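So the structure is just underneath, and the comments pick up after that.
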Amino acid sequence: MRDVGHDEDWTPRPHEQVQDFLDSSGPSPDPWSADIAIVRADAREKVLAVSGEPAPVASVESIGADGVPARLYRPVGAEREVLVWAHGGGWMHGDLDTADCVARALANRAACAVLSIDYRLAPEHPFPAGFDDTWTAIAWARRNFDRVAVGGDSSGGNLAAAAALKARDEGVELAAQLLVYPVLDSTEDTDYKVAFRQRYATFAGRPGFGANSHRRLEHIWETYVPDPAARKAPYASPLHAGSVDGVAPATIITAEHDFLRGEAEEYAERLRTAGVPVDLAGYAGQIHGFFEMFSVMTDAQRAVNVAGDAVRRAFPSIQPSKEFSCDR
C-alpha cells in the first residue's frame, strides 16, 4: 500500500469488490439513536450474510473460561498452543456466531486451538468489562495450554493490544498479538482523522462516508468509555501507553480506506522504535470489516492466511498448515 497521507492529488478508490459490496448493501440503523438490540440484530445479520460457509475443524466446544463464555476450536484435536480471539463490533455488538468463520479459518491456518470469547458489551457493560473478560480468558488459556497468543479485529484488536500491554506489565509471556484494523486511539481530531472526513466525503459514491465514519467512532468511544478522562488510559487507548517496550511481537493488518488506518500505522512504528518485532500488512482498496467477508472479498481469504501464518510462526513447534480458501 502506498503512502497517501500527504498526497493532495490522491483520490481514494475502492477495490472493485468493495464497490460491489457497498452498492448492494442496504441501510443500517443509526447506532447513536436506534435501540441497541436493533443495532445488534442488524450487524449480526450483515456479518453472517458475508462470512461464507464455516470451515470444518476437528471439534468446537463451549467453554466457560473462568466465567467468560467462549468457544474452543481445535483443528486436529491435541493442540497445546492457543490463540485467544476477541471479535469486533465497536464493543457493542458481535458474538460467538459472528466470529465463528474467522475462528475456524484461523484455527486451520495457524494449526493451533482458537479460544473465541464472548466478552461483555457496552452500553450495559462499559470499560473495563470487556477488557477484564479478555484478560480473564487469557489467564484461563495459560493454565490449560502451553503457549498463548492473543488477537482480535477492530474493537477486539483494541482488547488484544491492551491485553498485550497488561501481559508486559504483569510479567506474563504471550507468544504474539494479532491486531486486525485495531481501534487504538480515542483522540478524535488527529491529522489523519480530520483529513479522512474531508477526503472521504463521497467515497464510493456514498455521500457523508467520511463524516459518518467519524460520528460512528465518536459514539462508540462515548459508549465504551463514558468518562472522557478514562479514554486515554493505556488499557483503553493502547496508543497512549507511556511505553510499549517488551510487549509481544505483533502482526497488524490494515485496510487502505479505513478511518483507523492512521493509528494502526502509528502503533506499528512505535513498536518498531521500541524494538518489538512487528509485521504490518496493508490491503489496498479495502475497507474496515473486510477480514470477515470471506464470501465477497478475496482479500479476506488472503488476509486470514497471512494472519494464520503469523500465529503459526509464533508457535515454532507447529508444522505448516493448509491454505484457507472458501473454495474448499
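Ordered as shown in the C-alpha cells, chains take letters A, B, and onward, while each chain numbers its residues from 1 and ligands are numbered from 1 in the order shown.
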Region 13-96 of chain A residues near region 182-196 of chain A within 12 Å, closest pair each, using only C-alpha atoms, as CSV:
residue,atom,partner,partner_atom,distance
A:Ala86,CA,A:Pro182,CA,11.1
A:His87,CA,A:Pro182,CA,10.8
A:Gly88,CA,A:Pro182,CA,8.9
A:Gly89,CA,A:Val183,CA,10.7
A:Gly90,CA,A:Val183,CA,8.7
A:Trp91,CA,A:Val183,CA,10.3
Considering only C-alpha atoms, return as a PyMOL selection string whatever protein or nucleic-acid residues lie within 7 Å of region 34-44 of chain A, sequence-local ones (same chain, fewer than 5 positions apart) excluded. chain A and resi 28-29+93-94+98
How about saving the chosen residues, all heavy atoms kept, as a PDB file, in the first residue's frame?
ATOM      1  N   SER A  28     -28.321   0.740   7.367  1.00  0.00           N
ATOM      2  CA  SER A  28     -28.292   0.229   8.739  1.00  0.00           C
ATOM      3  C   SER A  28     -28.893   1.271   9.670  1.00  0.00           C
ATOM      4  O   SER A  28     -28.852   2.470   9.375  1.00  0.00           O
ATOM      5  CB  SER A  28     -26.858  -0.079   9.176  1.00  0.00           C
ATOM      6  OG  SER A  28     -26.333  -1.157   8.443  1.00  0.00           O
ATOM      7  N   PRO A  29     -29.436   0.833  10.795  1.00  0.00           N
ATOM      8  CA  PRO A  29     -29.963   1.811  11.761  1.00  0.00           C
ATOM      9  C   PRO A  29     -28.843   2.670  12.325  1.00  0.00           C
ATOM     10  O   PRO A  29     -27.707   2.218  12.466  1.00  0.00           O
ATOM     11  CB  PRO A  29     -30.592   0.923  12.842  1.00  0.00           C
ATOM     12  CG  PRO A  29     -29.910  -0.396  12.707  1.00  0.00           C
ATOM     13  CD  PRO A  29     -29.608  -0.559  11.251  1.00  0.00           C
ATOM     14  N   HIS A  93     -21.526  -4.745  19.719  1.00  0.00           N
ATOM     15  CA  HIS A  93     -22.211  -5.870  19.090  1.00  0.00           C
ATOM     16  C   HIS A  93     -21.178  -6.887  18.634  1.00  0.00           C
ATOM     17  O   HIS A  93     -19.980  -6.695  18.804  1.00  0.00           O
ATOM     18  CB  HIS A  93     -23.115  -5.418  17.935  1.00  0.00           C
ATOM     19  CG  HIS A  93     -22.431  -4.601  16.883  1.00  0.00           C
ATOM     20  ND1 HIS A  93     -21.646  -5.150  15.896  1.00  0.00           N
ATOM     21  CD2 HIS A  93     -22.423  -3.262  16.662  1.00  0.00           C
ATOM     22  CE1 HIS A  93     -21.194  -4.202  15.106  1.00  0.00           C
ATOM     23  NE2 HIS A  93     -21.648  -3.039  15.551  1.00  0.00           N
ATOM     24  N   GLY A  94     -21.657  -7.971  18.045  1.00  0.00           N
ATOM     25  CA  GLY A  94     -20.795  -9.101  17.733  1.00  0.00           C
ATOM     26  C   GLY A  94     -20.955 -10.178  18.787  1.00  0.00           C
ATOM     27  O   GLY A  94     -21.287  -9.895  19.944  1.00  0.00           O
ATOM     28  N   THR A  98     -20.961 -14.572  15.042  1.00  0.00           N
ATOM     29  CA  THR A  98     -20.396 -13.695  14.012  1.00  0.00           C
ATOM     30  C   THR A  98     -18.887 -13.908  13.881  1.00  0.00           C
ATOM     31  O   THR A  98     -18.310 -13.602  12.837  1.00  0.00           O
ATOM     32  CB  THR A  98     -20.680 -12.213  14.317  1.00  0.00           C
ATOM     33  OG1 THR A  98     -20.120 -11.854  15.585  1.00  0.00           O
ATOM     34  CG2 THR A  98     -22.183 -11.951  14.324  1.00  0.00           C
TER      35      THR A  98
END
Near Ala78 (chain A), counting only C-alpha atoms, which residues have an atom at most 9 Å away, once you skip same-chain residues fewer than 3 positions from it, shown as number ranges by chain? A: 74-75, 113
Between CA of His240 (chain A) and CA of Tyr224 (chain A), what is the distance in Å, rounded to a tenth? 16.7 Å
From the options A:Ser116, A:Asn108, A:Asn212, A:Ser243, which residue's atoms come nearest to Val150 (chain A), counting only C-alpha atoms? A:Ser116
Region 154-165 of chain A: which residues within 9 Å, counting only C-alpha atoms, same-chain residues fewer than 5 positions away excluded, as a VMD selection string? chain A and resid 84 to 91 130 to 132 134 to 135 138 170 172 to 174 176 to 184 234 to 238 241 244 246 to 248 250 260 288 to 289
Fewer than 6 positions away in the same chain doesn't count, so skip those; otherwise give me all residues within 6 Å of Glu81 (chain A), counting only C-alpha atoms, as a list of chain:residue names.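 Once the nearby chain positions are removed, what remains is A:Cys112, A:Phe145, A:Asp146, A:Arg147, A:Val148.
Of note, CA of Ala55 (chain A) and CA of Cys101 (chain A) are spaced 6.8 Å apart.
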Please identify which residues in region 59-233 of chain A DSSP calls strand (DSSP E or B) from the backbone, and express them as a compact mmCIF listing (two decimals) with C-alpha atoms, in the first residue's frame.
# COMPACT_ATOMS: atom_id res chain seq x y z
CA SER A 59 -14.00 -30.02 17.37
CA VAL A 60 -15.85 -26.99 18.69
CA GLU A 61 -16.51 -26.92 22.42
CA SER A 62 -18.44 -24.44 24.53
CA ILE A 63 -16.19 -23.27 27.34
CA GLY A 64 -16.64 -21.25 30.49
CA ALA A 65 -13.21 -19.62 30.69
CA VAL A 68 -16.26 -15.86 30.29
CA PRO A 69 -18.42 -17.65 27.69
CA ALA A 70 -16.25 -18.93 24.86
CA ARG A 71 -15.86 -21.48 22.10
CA LEU A 72 -12.74 -23.58 21.80
CA TYR A 73 -11.86 -24.61 18.24
CA ARG A 74 -9.37 -27.42 17.63
CA GLU A 81 -1.00 -23.75 21.72
CA VAL A 82 -3.96 -21.37 21.62
CA LEU A 83 -4.95 -18.03 20.16
CA VAL A 84 -7.39 -16.10 22.35
CA TRP A 85 -9.59 -14.23 19.85
CA ALA A 86 -11.78 -11.19 20.58
CA ALA A 113 -6.51 -24.02 19.02
CA VAL A 114 -8.57 -20.81 18.98
CA LEU A 115 -10.49 -19.63 22.04
CA SER A 116 -13.15 -17.22 20.75
CA ILE A 117 -14.53 -15.17 23.64
CA ARG A 147 1.64 -21.21 24.94
CA VAL A 148 -0.84 -18.40 24.34
CA ALA A 149 -1.24 -15.67 21.73
CA VAL A 150 -3.94 -13.01 21.63
CA GLY A 151 -5.73 -11.38 18.73
CA GLY A 152 -8.83 -9.57 17.57
CA ASP A 153 -10.35 -7.39 14.91
CA GLN A 177 -0.50 -10.29 19.29
CA LEU A 178 -2.58 -10.25 16.11
CA LEU A 179 -4.27 -6.88 15.53
CA VAL A 180 -6.70 -6.61 12.62
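Considering the residues A:Ala268, A:Ala201, A:Ala229, A:Leu96 and counting only C-alpha atoms, Thr11 (chain A) has its shortest atom-to-atom contact with A:Ala201.
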Check region 60-219 of chain A with DSSP on the backbone and list each residue it calls helix (DSSP H, G or I), as an NGL selection string. :A and (100-110 or 129-144 or 155-170 or 191-199 or 203-205 or 209-219)
Contact residues around Phe294 (chain A) with only C-alpha atoms at 12 Å, ignoring same-chain residues under 3 positions, as a ChimeraX atom specification: /A:17,47-55,99-102,104-105,289-291,297-305,324-327
Could you check how far CA of His125 (chain A) sits from CA of Ala141 (chain A), in Å to one decimal?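 Taking CA of His125 (chain A) and CA of Ala141 (chain A), their separation equals 23.0 Å.
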